[in-house]
Amino acid sequence: MPEVATVDVVSEFFKVFNDILKEINGKITATAAIEVSKLKALSQQQARALAHCVLTQATETQDQSAEIRVQAALQVIWTAWALQLTNEHVPPT
């Protein structure tokens with residue numbers, strides 16, 4: 001398995017991340033809504049940089065509240081990838 005620090009954030013991340021932010025809109029507290037609005041304003045490059053920080057455990061203090069949303073987006077992507085695996089992709093144990 002490659003080192004996490006050397007793994008680039010996948011291109012699908014930005015779309016999935018924004019879809020999650022849209023989905024939770026109106027279902028969160030006012031305080032959380034402020035955080036989400038800041039995350040929605042991120043460019044694709046900024047969002048991917050934030051995800052890289054989360055993956056490498058280098059998140060800045062001011063960005064730590066965003067970690068759960070970044071992790072959720074990454075989990076959606078990884079789950080979609082896992083669903084595409086067949087027996088040929090997984091070695092026997």
# chains A, B, ... in the order shown; residues from 1 in each chain; ligands from 1
>>> residues_around(residues="A:Ala33", least_positions_apart="6", cutoff="12 Å", atoms="only C-alpha atoms", output="PDB file with N, CA and C atoms, in the first residue's frame")
ATOM      1  N   LEU A  21     -21.962  18.915   0.691  1.00  0.00           N
ATOM      2  CA  LEU A  21     -22.273  20.228   1.266  1.00  0.00           C
ATOM      3  C   LEU A  21     -23.668  20.687   0.873  1.00  0.00           C
ATOM      4  N   LYS A  22     -24.070  20.434  -0.361  1.00  0.00           N
ATOM      5  CA  LYS A  22     -25.424  20.791  -0.807  1.00  0.00           C
ATOM      6  C   LYS A  22     -26.470  19.961  -0.067  1.00  0.00           C
ATOM      7  N   GLU A  23     -26.184  18.691   0.122  1.00  0.00           N
ATOM      8  CA  GLU A  23     -27.135  17.774   0.771  1.00  0.00           C
ATOM      9  C   GLU A  23     -27.414  18.163   2.225  1.00  0.00           C
ATOM     10  N   ILE A  24     -26.398  18.634   2.929  1.00  0.00           N
ATOM     11  CA  ILE A  24     -26.614  18.962   4.337  1.00  0.00           C
ATOM     12  C   ILE A  24     -27.149  20.375   4.541  1.00  0.00           C
ATOM     13  N   ASN A  25     -27.196  21.154   3.480  1.00  0.00           N
ATOM     14  CA  ASN A  25     -27.705  22.519   3.570  1.00  0.00           C
ATOM     15  C   ASN A  25     -29.133  22.521   4.124  1.00  0.00           C
ATOM     16  N   GLY A  26     -29.384  23.329   5.124  1.00  0.00           N
ATOM     17  CA  GLY A  26     -30.706  23.410   5.735  1.00  0.00           C
ATOM     18  C   GLY A  26     -30.970  22.359   6.793  1.00  0.00           C
ATOM     19  N   LYS A  27     -30.037  21.444   6.995  1.00  0.00           N
ATOM     20  CA  LYS A  27     -30.212  20.363   7.965  1.00  0.00           C
ATOM     21  C   LYS A  27     -29.213  20.476   9.108  1.00  0.00           C
ATOM     22  N   LEU A  39     -16.754  26.422   3.252  1.00  0.00           N
ATOM     23  CA  LEU A  39     -16.286  25.284   2.455  1.00  0.00           C
ATOM     24  C   LEU A  39     -16.821  25.351   1.027  1.00  0.00           C
ATOM     25  N   LYS A  40     -18.060  25.810   0.871  1.00  0.00           N
ATOM     26  CA  LYS A  40     -18.640  25.942  -0.471  1.00  0.00           C
ATOM     27  C   LYS A  40     -17.882  26.966  -1.308  1.00  0.00           C
ATOM     28  N   SER A  65     -12.493  21.587  11.844  1.00  0.00           N
ATOM     29  CA  SER A  65     -13.936  21.334  11.839  1.00  0.00           C
ATOM     30  C   SER A  65     -14.420  20.846  10.474  1.00  0.00           C
ATOM     31  N   ALA A  66     -13.635  21.061   9.437  1.00  0.00           N
ATOM     32  CA  ALA A  66     -14.005  20.608   8.095  1.00  0.00           C
ATOM     33  C   ALA A  66     -13.628  19.156   7.856  1.00  0.00           C
TER      34      ALA A  66
END
>>> select_by_dssp(residues="chain A", states="helix (DSSP H, G or I)", output="PyMOL selection string")
chain A and resi 4-6+13-24+30-40+44-55+61-83
>>> residues_around(residues="stretch 50-59 of chain A", least_positions_apart="3", cutoff="12 Å", atoms="only C-alpha atoms", output="mmCIF file with all heavy atoms, in the first residue's frame")
data_model
loop_
_atom_site.group_PDB
_atom_site.id
_atom_site.type_symbol
_atom_site.label_atom_id
_atom_site.label_comp_id
_atom_site.auth_asym_id
_atom_site.auth_seq_id
_atom_site.Cartn_x
_atom_site.Cartn_y
_atom_site.Cartn_z
ATOM 1 N N GLU A 3 2.317 5.049 0.581
ATOM 2 C CA GLU A 3 2.240 6.018 1.677
ATOM 3 C C GLU A 3 1.125 6.996 1.371
ATOM 4 O O GLU A 3 0.991 7.459 0.234
ATOM 5 C CB GLU A 3 3.556 6.789 1.791
ATOM 6 C CG GLU A 3 4.719 5.957 2.226
ATOM 7 C CD GLU A 3 4.782 5.829 3.731
ATOM 8 O OE1 GLU A 3 4.322 6.730 4.426
ATOM 9 O OE2 GLU A 3 5.297 4.806 4.193
ATOM 10 N N VAL A 4 0.328 7.348 2.357
ATOM 11 C CA VAL A 4 -0.772 8.287 2.151
ATOM 12 C C VAL A 4 -0.249 9.624 1.665
ATOM 13 O O VAL A 4 -0.839 10.259 0.813
ATOM 14 C CB VAL A 4 -1.595 8.456 3.451
ATOM 15 C CG1 VAL A 4 -2.620 9.549 3.298
ATOM 16 C CG2 VAL A 4 -2.279 7.152 3.810
ATOM 17 N N ALA A 5 0.885 10.048 2.167
ATOM 18 C CA ALA A 5 1.429 11.353 1.807
ATOM 19 C C ALA A 5 1.753 11.442 0.322
ATOM 20 O O ALA A 5 1.811 12.528 -0.230
ATOM 21 C CB ALA A 5 2.670 11.654 2.635
ATOM 22 N N THR A 6 1.984 10.311 -0.341
ATOM 23 C CA THR A 6 2.311 10.344 -1.756
ATOM 24 C C THR A 6 1.091 10.195 -2.641
ATOM 25 O O THR A 6 1.197 10.304 -3.849
ATOM 26 C CB THR A 6 3.325 9.240 -2.107
ATOM 27 O OG1 THR A 6 2.704 7.973 -1.883
ATOM 28 C CG2 THR A 6 4.591 9.366 -1.296
ATOM 29 N N VAL A 7 -0.058 9.947 -2.079
ATOM 30 C CA VAL A 7 -1.269 9.740 -2.845
ATOM 31 C C VAL A 7 -1.937 11.086 -3.109
ATOM 32 O O VAL A 7 -2.173 11.863 -2.198
ATOM 33 C CB VAL A 7 -2.247 8.802 -2.091
ATOM 34 C CG1 VAL A 7 -3.542 8.652 -2.850
ATOM 35 C CG2 VAL A 7 -1.593 7.457 -1.862
ATOM 36 N N ASP A 8 -2.226 11.351 -4.381
ATOM 37 C CA ASP A 8 -2.911 12.577 -4.755
ATOM 38 C C ASP A 8 -4.409 12.421 -4.467
ATOM 39 O O ASP A 8 -4.943 11.314 -4.478
ATOM 40 C CB ASP A 8 -2.687 12.874 -6.233
ATOM 41 C CG ASP A 8 -3.160 14.252 -6.631
ATOM 42 O OD1 ASP A 8 -3.270 15.125 -5.750
ATOM 43 O OD2 ASP A 8 -3.421 14.461 -7.824
ATOM 44 N N VAL A 9 -5.060 13.518 -4.225
ATOM 45 C CA VAL A 9 -6.513 13.507 -4.009
ATOM 46 C C VAL A 9 -7.170 13.315 -5.373
ATOM 47 O O VAL A 9 -6.863 14.024 -6.333
ATOM 48 C CB VAL A 9 -6.975 14.820 -3.350
ATOM 49 C CG1 VAL A 9 -8.475 14.850 -3.200
ATOM 50 C CG2 VAL A 9 -6.294 15.002 -2.001
ATOM 51 N N VAL A 10 -8.055 12.364 -5.453
ATOM 52 C CA VAL A 10 -8.673 12.009 -6.728
ATOM 53 C C VAL A 10 -9.517 13.144 -7.285
ATOM 54 O O VAL A 10 -10.055 13.971 -6.548
ATOM 55 C CB VAL A 10 -9.526 10.736 -6.591
ATOM 56 C CG1 VAL A 10 -8.654 9.552 -6.235
ATOM 57 C CG2 VAL A 10 -10.631 10.916 -5.573
ATOM 58 N N SER A 11 -9.639 13.165 -8.600
ATOM 59 C CA SER A 11 -10.357 14.245 -9.277
ATOM 60 C C SER A 11 -11.839 14.279 -8.906
ATOM 61 O O SER A 11 -12.452 15.348 -8.918
ATOM 62 C CB SER A 11 -10.202 14.115 -10.787
ATOM 63 O OG SER A 11 -10.701 12.863 -11.232
ATOM 64 N N GLU A 12 -12.422 13.158 -8.554
ATOM 65 C CA GLU A 12 -13.842 13.105 -8.198
ATOM 66 C C GLU A 12 -14.139 13.808 -6.874
ATOM 67 O O GLU A 12 -15.281 14.098 -6.554
ATOM 68 C CB GLU A 12 -14.317 11.654 -8.075
ATOM 69 C CG GLU A 12 -14.232 10.843 -9.333
ATOM 70 C CD GLU A 12 -12.965 9.993 -9.386
ATOM 71 O OE1 GLU A 12 -11.913 10.414 -8.846
ATOM 72 O OE2 GLU A 12 -13.021 8.908 -9.987
ATOM 73 N N PHE A 13 -13.099 14.077 -6.103
ATOM 74 C CA PHE A 13 -13.299 14.619 -4.760
ATOM 75 C C PHE A 13 -14.121 15.902 -4.756
ATOM 76 O O PHE A 13 -15.063 16.043 -3.973
ATOM 77 C CB PHE A 13 -11.960 14.875 -4.054
ATOM 78 C CG PHE A 13 -12.127 15.608 -2.753
ATOM 79 C CD1 PHE A 13 -12.586 14.937 -1.636
ATOM 80 C CD2 PHE A 13 -11.893 16.962 -2.665
ATOM 81 C CE1 PHE A 13 -12.796 15.605 -0.441
ATOM 82 C CE2 PHE A 13 -12.087 17.643 -1.480
ATOM 83 C CZ PHE A 13 -12.541 16.960 -0.362
ATOM 84 N N PHE A 14 -13.797 16.860 -5.601
ATOM 85 C CA PHE A 14 -14.444 18.175 -5.554
ATOM 86 C C PHE A 14 -15.952 18.056 -5.779
ATOM 87 O O PHE A 14 -16.738 18.663 -5.058
ATOM 88 C CB PHE A 14 -13.807 19.114 -6.583
ATOM 89 C CG PHE A 14 -14.265 20.541 -6.459
ATOM 90 C CD1 PHE A 14 -13.934 21.298 -5.343
ATOM 91 C CD2 PHE A 14 -15.007 21.137 -7.461
ATOM 92 C CE1 PHE A 14 -14.341 22.613 -5.226
ATOM 93 C CE2 PHE A 14 -15.414 22.457 -7.351
ATOM 94 C CZ PHE A 14 -15.078 23.198 -6.233
ATOM 95 N N VAL A 16 -17.934 15.362 -5.340
ATOM 96 C CA VAL A 16 -18.550 14.644 -4.224
ATOM 97 C C VAL A 16 -18.593 15.535 -2.987
ATOM 98 O O VAL A 16 -19.608 15.592 -2.282
ATOM 99 C CB VAL A 16 -17.815 13.323 -3.944
ATOM 100 C CG1 VAL A 16 -18.338 12.654 -2.689
ATOM 101 C CG2 VAL A 16 -17.916 12.386 -5.141
ATOM 102 N N PHE A 17 -17.518 16.251 -2.726
ATOM 103 C CA PHE A 17 -17.447 17.156 -1.591
ATOM 104 C C PHE A 17 -18.552 18.204 -1.672
ATOM 105 O O PHE A 17 -19.290 18.431 -0.710
ATOM 106 C CB PHE A 17 -16.063 17.820 -1.585
ATOM 107 C CG PHE A 17 -15.786 18.726 -0.419
ATOM 108 C CD1 PHE A 17 -15.795 18.264 0.878
ATOM 109 C CD2 PHE A 17 -15.475 20.068 -0.634
ATOM 110 C CE1 PHE A 17 -15.506 19.102 1.954
ATOM 111 C CE2 PHE A 17 -15.193 20.912 0.426
ATOM 112 C CZ PHE A 17 -15.207 20.423 1.718
ATOM 113 N N LEU A 39 -16.754 26.422 3.252
ATOM 114 C CA LEU A 39 -16.286 25.284 2.455
ATOM 115 C C LEU A 39 -16.821 25.351 1.027
ATOM 116 O O LEU A 39 -16.118 25.009 0.078
ATOM 117 C CB LEU A 39 -16.691 23.968 3.119
ATOM 118 C CG LEU A 39 -16.047 23.696 4.477
ATOM 119 C CD1 LEU A 39 -16.624 22.431 5.092
ATOM 120 C CD2 LEU A 39 -14.538 23.614 4.359
ATOM 121 N N LEU A 42 -14.690 27.392 -1.389
ATOM 122 C CA LEU A 42 -13.351 26.927 -1.765
ATOM 123 C C LEU A 42 -13.284 26.623 -3.254
ATOM 124 O O LEU A 42 -14.224 26.072 -3.838
ATOM 125 C CB LEU A 42 -12.976 25.661 -0.993
ATOM 126 C CG LEU A 42 -12.811 25.773 0.518
ATOM 127 C CD1 LEU A 42 -12.510 24.393 1.108
ATOM 128 C CD2 LEU A 42 -11.726 26.764 0.884
ATOM 129 N N SER A 43 -12.165 26.953 -3.860
ATOM 130 C CA SER A 43 -11.926 26.551 -5.245
ATOM 131 C C SER A 43 -11.619 25.052 -5.252
ATOM 132 O O SER A 43 -11.365 24.452 -4.194
ATOM 133 C CB SER A 43 -10.742 27.326 -5.826
ATOM 134 O OG SER A 43 -9.539 26.915 -5.183
ATOM 135 N N GLN A 44 -11.598 24.465 -6.440
ATOM 136 C CA GLN A 44 -11.276 23.047 -6.531
ATOM 137 C C GLN A 44 -9.876 22.789 -5.983
ATOM 138 O O GLN A 44 -9.660 21.833 -5.244
ATOM 139 C CB GLN A 44 -11.371 22.574 -7.979
ATOM 140 C CG GLN A 44 -11.105 21.095 -8.132
ATOM 141 C CD GLN A 44 -11.423 20.568 -9.514
ATOM 142 O OE1 GLN A 44 -11.918 21.286 -10.370
ATOM 143 N NE2 GLN A 44 -11.146 19.317 -9.738
ATOM 144 N N GLN A 45 -8.946 23.645 -6.300
ATOM 145 C CA GLN A 45 -7.568 23.475 -5.822
ATOM 146 C C GLN A 45 -7.508 23.586 -4.300
ATOM 147 O O GLN A 45 -6.826 22.798 -3.642
ATOM 148 C CB GLN A 45 -6.665 24.526 -6.462
ATOM 149 C CG GLN A 45 -5.215 24.369 -6.084
ATOM 150 C CD GLN A 45 -4.327 25.392 -6.789
ATOM 151 O OE1 GLN A 45 -4.798 26.287 -7.466
ATOM 152 N NE2 GLN A 45 -3.027 25.246 -6.603
ATOM 153 N N GLN A 46 -8.232 24.522 -3.714
ATOM 154 C CA GLN A 46 -8.235 24.688 -2.256
ATOM 155 C C GLN A 46 -8.870 23.486 -1.569
ATOM 156 O O GLN A 46 -8.382 23.015 -0.542
ATOM 157 C CB GLN A 46 -8.980 25.960 -1.868
ATOM 158 C CG GLN A 46 -8.267 27.231 -2.253
ATOM 159 C CD GLN A 46 -9.163 28.450 -2.089
ATOM 160 O OE1 GLN A 46 -10.348 28.438 -2.439
ATOM 161 N NE2 GLN A 46 -8.589 29.523 -1.573
ATOM 162 N N ALA A 47 -9.968 22.974 -2.133
ATOM 163 C CA ALA A 47 -10.644 21.812 -1.548
ATOM 164 C C ALA A 47 -9.754 20.578 -1.614
ATOM 165 O O ALA A 47 -9.662 19.814 -0.641
ATOM 166 C CB ALA A 47 -11.969 21.565 -2.259
ATOM 167 N N GLN A 62 -7.522 25.808 12.243
ATOM 168 C CA GLN A 62 -8.741 26.474 11.780
ATOM 169 C C GLN A 62 -9.539 25.618 10.789
ATOM 170 O O GLN A 62 -10.705 25.897 10.533
ATOM 171 C CB GLN A 62 -8.429 27.844 11.160
ATOM 172 C CG GLN A 62 -7.699 27.798 9.829
ATOM 173 C CD GLN A 62 -6.193 27.802 9.952
ATOM 174 O OE1 GLN A 62 -5.647 27.584 11.033
ATOM 175 N NE2 GLN A 62 -5.499 28.042 8.857
ATOM 176 N N ASP A 63 -8.937 24.555 10.251
ATOM 177 C CA ASP A 63 -9.625 23.695 9.288
ATOM 178 C C ASP A 63 -10.106 22.377 9.888
ATOM 179 O O ASP A 63 -10.724 21.576 9.199
ATOM 180 C CB ASP A 63 -8.701 23.394 8.105
ATOM 181 C CG ASP A 63 -8.369 24.628 7.293
ATOM 182 O OD1 ASP A 63 -9.220 25.529 7.211
ATOM 183 O OD2 ASP A 63 -7.251 24.688 6.755
ATOM 184 N N GLN A 64 -9.840 22.149 11.159
ATOM 185 C CA GLN A 64 -10.168 20.855 11.756
ATOM 186 C C GLN A 64 -11.660 20.561 11.763
ATOM 187 O O GLN A 64 -12.051 19.400 11.651
ATOM 188 C CB GLN A 64 -9.576 20.747 13.152
ATOM 189 C CG GLN A 64 -8.067 20.591 13.101
ATOM 190 C CD GLN A 64 -7.436 20.534 14.471
ATOM 191 O OE1 GLN A 64 -8.042 20.889 15.472
ATOM 192 N NE2 GLN A 64 -6.180 20.105 14.524
ATOM 193 N N SER A 65 -12.493 21.587 11.844
ATOM 194 C CA SER A 65 -13.936 21.334 11.839
ATOM 195 C C SER A 65 -14.420 20.846 10.474
ATOM 196 O O SER A 65 -15.498 20.264 10.367
ATOM 197 C CB SER A 65 -14.705 22.579 12.263
ATOM 198 O OG SER A 65 -14.458 23.632 11.357
ATOM 199 N N ALA A 66 -13.635 21.061 9.437
ATOM 200 C CA ALA A 66 -14.005 20.608 8.095
ATOM 201 C C ALA A 66 -13.628 19.156 7.856
ATOM 202 O O ALA A 66 -14.088 18.547 6.882
ATOM 203 C CB ALA A 66 -13.333 21.490 7.053
ATOM 204 N N GLU A 67 -12.821 18.585 8.716
ATOM 205 C CA GLU A 67 -12.315 17.223 8.501
ATOM 206 C C GLU A 67 -13.421 16.204 8.280
ATOM 207 O O GLU A 67 -13.310 15.356 7.400
ATOM 208 C CB GLU A 67 -11.440 16.778 9.674
ATOM 209 C CG GLU A 67 -10.084 17.403 9.675
ATOM 210 C CD GLU A 67 -9.202 16.898 10.809
ATOM 211 O OE1 GLU A 67 -9.690 16.181 11.706
ATOM 212 O OE2 GLU A 67 -8.003 17.223 10.785
ATOM 213 N N ILE A 68 -14.486 16.261 9.053
ATOM 214 C CA ILE A 68 -15.546 15.257 8.945
ATOM 215 C C ILE A 68 -16.218 15.299 7.583
ATOM 216 O O ILE A 68 -16.560 14.265 7.011
ATOM 217 C CB ILE A 68 -16.580 15.392 10.101
ATOM 218 C CG1 ILE A 68 -17.517 14.195 10.120
ATOM 219 C CG2 ILE A 68 -17.367 16.682 9.985
ATOM 220 C CD1 ILE A 68 -16.880 12.935 10.591
ATOM 221 N N ARG A 69 -16.353 16.481 7.017
ATOM 222 C CA ARG A 69 -16.977 16.612 5.692
ATOM 223 C C ARG A 69 -16.031 16.126 4.596
ATOM 224 O O ARG A 69 -16.453 15.495 3.630
ATOM 225 C CB ARG A 69 -17.433 18.034 5.485
ATOM 226 C CG ARG A 69 -18.612 18.364 6.395
ATOM 227 C CD ARG A 69 -18.871 19.863 6.515
ATOM 228 N NE ARG A 69 -19.963 20.124 7.444
ATOM 229 C CZ ARG A 69 -19.808 20.254 8.764
ATOM 230 N NH1 ARG A 69 -18.621 20.178 9.302
ATOM 231 N NH2 ARG A 69 -20.846 20.489 9.538
ATOM 232 N N VAL A 70 -14.759 16.408 4.748
ATOM 233 C CA VAL A 70 -13.755 15.908 3.807
ATOM 234 C C VAL A 70 -13.699 14.387 3.886
ATOM 235 O O VAL A 70 -13.702 13.689 2.864
ATOM 236 C CB VAL A 70 -12.370 16.530 4.104
ATOM 237 C CG1 VAL A 70 -11.281 15.831 3.303
ATOM 238 C CG2 VAL A 70 -12.376 18.025 3.825
ATOM 239 N N GLN A 71 -13.673 13.853 5.093
ATOM 240 C CA GLN A 71 -13.634 12.401 5.277
ATOM 241 C C GLN A 71 -14.872 11.744 4.676
ATOM 242 O O GLN A 71 -14.784 10.659 4.086
ATOM 243 C CB GLN A 71 -13.508 12.062 6.755
ATOM 244 C CG GLN A 71 -12.168 12.460 7.341
ATOM 245 C CD GLN A 71 -12.158 12.437 8.861
ATOM 246 O OE1 GLN A 71 -13.186 12.362 9.512
ATOM 247 N NE2 GLN A 71 -10.960 12.511 9.429
ATOM 248 N N ALA A 72 -16.015 12.384 4.806
ATOM 249 C CA ALA A 72 -17.252 11.827 4.241
ATOM 250 C C ALA A 72 -17.155 11.736 2.720
ATOM 251 O O ALA A 72 -17.531 10.712 2.127
ATOM 252 C CB ALA A 72 -18.448 12.688 4.648
ATOM 253 N N ALA A 73 -16.649 12.782 2.088
ATOM 254 C CA ALA A 73 -16.510 12.764 0.632
ATOM 255 C C ALA A 73 -15.542 11.677 0.184
ATOM 256 O O ALA A 73 -15.811 10.937 -0.774
ATOM 257 C CB ALA A 73 -16.051 14.135 0.135
ATOM 258 N N LEU A 74 -14.422 11.561 0.864
ATOM 259 C CA LEU A 74 -13.457 10.524 0.516
ATOM 260 C C LEU A 74 -14.053 9.133 0.728
ATOM 261 O O LEU A 74 -13.841 8.231 -0.090
ATOM 262 C CB LEU A 74 -12.176 10.699 1.342
ATOM 263 C CG LEU A 74 -11.364 11.954 1.011
ATOM 264 C CD1 LEU A 74 -10.286 12.169 2.063
ATOM 265 C CD2 LEU A 74 -10.771 11.884 -0.381
ATOM 266 N N GLN A 75 -14.812 8.959 1.784
ATOM 267 C CA GLN A 75 -15.419 7.654 2.061
ATOM 268 C C GLN A 75 -16.416 7.273 0.966
ATOM 269 O O GLN A 75 -16.483 6.115 0.552
ATOM 270 C CB GLN A 75 -16.116 7.655 3.420
ATOM 271 C CG GLN A 75 -16.660 6.303 3.815
ATOM 272 C CD GLN A 75 -15.560 5.271 3.976
ATOM 273 O OE1 GLN A 75 -14.543 5.525 4.606
ATOM 274 N NE2 GLN A 75 -15.736 4.103 3.396
#
>>> atom_distance(atom1="atom CA of A:Ala80", atom2="atom CA of A:Val36")
23.9 Å
>>> decode(residues="stretch 27-56 of chain A", atoms="N, CA and C atoms", output="compact mmCIF listing (two decimals), in the first residue's frame")
# COMPACT_ATOMS: atom_id res chain seq x y z
N LYS A 27 -30.04 21.44 7.00
CA LYS A 27 -30.21 20.36 7.97
C LYS A 27 -29.21 20.48 9.11
N ILE A 28 -28.58 21.63 9.23
CA ILE A 28 -27.53 21.82 10.22
C ILE A 28 -27.78 23.08 11.02
N THR A 29 -27.05 23.21 12.10
CA THR A 29 -27.19 24.39 12.96
C THR A 29 -26.64 25.63 12.26
N ALA A 30 -26.97 26.78 12.80
CA ALA A 30 -26.49 28.04 12.22
C ALA A 30 -24.97 28.11 12.25
N THR A 31 -24.37 27.63 13.32
CA THR A 31 -22.92 27.63 13.44
C THR A 31 -22.29 26.74 12.37
N ALA A 32 -22.85 25.56 12.19
CA ALA A 32 -22.34 24.65 11.16
C ALA A 32 -22.56 25.22 9.77
N ALA A 33 -23.66 25.94 9.58
CA ALA A 33 -23.95 26.55 8.28
C ALA A 33 -22.90 27.57 7.88
N ILE A 34 -22.35 28.27 8.86
CA ILE A 34 -21.28 29.23 8.58
C ILE A 34 -20.05 28.49 8.06
N GLU A 35 -19.71 27.39 8.71
CA GLU A 35 -18.58 26.58 8.28
C GLU A 35 -18.80 26.02 6.88
N VAL A 36 -20.00 25.52 6.63
CA VAL A 36 -20.31 24.95 5.32
C VAL A 36 -20.25 26.02 4.23
N SER A 37 -20.71 27.22 4.52
CA SER A 37 -20.64 28.28 3.51
C SER A 37 -19.19 28.61 3.16
N LYS A 38 -18.31 28.55 4.14
CA LYS A 38 -16.88 28.76 3.86
C LYS A 38 -16.33 27.64 2.98
N LEU A 39 -16.75 26.42 3.25
CA LEU A 39 -16.29 25.28 2.46
C LEU A 39 -16.82 25.35 1.03
N LYS A 40 -18.06 25.81 0.87
CA LYS A 40 -18.64 25.94 -0.47
C LYS A 40 -17.88 26.97 -1.31
N ALA A 41 -17.26 27.93 -0.66
CA ALA A 41 -16.54 28.99 -1.37
C ALA A 41 -15.14 28.56 -1.81
N LEU A 42 -14.69 27.39 -1.39
CA LEU A 42 -13.35 26.93 -1.76
C LEU A 42 -13.28 26.62 -3.25
N SER A 43 -12.17 26.95 -3.86
CA SER A 43 -11.93 26.55 -5.25
C SER A 43 -11.62 25.05 -5.25
N GLN A 44 -11.60 24.46 -6.44
CA GLN A 44 -11.28 23.05 -6.53
C GLN A 44 -9.88 22.79 -5.98
N GLN A 45 -8.95 23.64 -6.30
CA GLN A 45 -7.57 23.47 -5.82
C GLN A 45 -7.51 23.59 -4.30
N GLN A 46 -8.23 24.52 -3.71
CA GLN A 46 -8.24 24.69 -2.26
C GLN A 46 -8.87 23.49 -1.57
N ALA A 47 -9.97 22.97 -2.13
CA ALA A 47 -10.64 21.81 -1.55
C ALA A 47 -9.75 20.58 -1.61
N ARG A 48 -9.08 20.39 -2.73
CA ARG A 48 -8.19 19.23 -2.85
C ARG A 48 -6.99 19.37 -1.91
N ALA A 49 -6.51 20.60 -1.71
CA ALA A 49 -5.40 20.83 -0.77
C ALA A 49 -5.86 20.50 0.66
N LEU A 50 -7.09 20.88 0.99
CA LEU A 50 -7.65 20.57 2.30
C LEU A 50 -7.76 19.06 2.48
N ALA A 51 -8.23 18.37 1.46
CA ALA A 51 -8.33 16.91 1.53
C ALA A 51 -6.96 16.28 1.70
N HIS A 52 -5.97 16.79 1.02
CA HIS A 52 -4.61 16.26 1.16
C HIS A 52 -4.13 16.44 2.59
N CYS A 53 -4.42 17.59 3.18
CA CYS A 53 -4.04 17.84 4.58
C CYS A 53 -4.72 16.84 5.52
N VAL A 54 -5.99 16.55 5.25
CA VAL A 54 -6.71 15.58 6.08
C VAL A 54 -6.06 14.20 5.93
N LEU A 55 -5.76 13.81 4.71
CA LEU A 55 -5.17 12.49 4.46
C LEU A 55 -3.79 12.35 5.10
N THR A 56 -3.05 13.43 5.17
CA THR A 56 -1.69 13.37 5.72
C THR A 56 -1.64 13.82 7.17
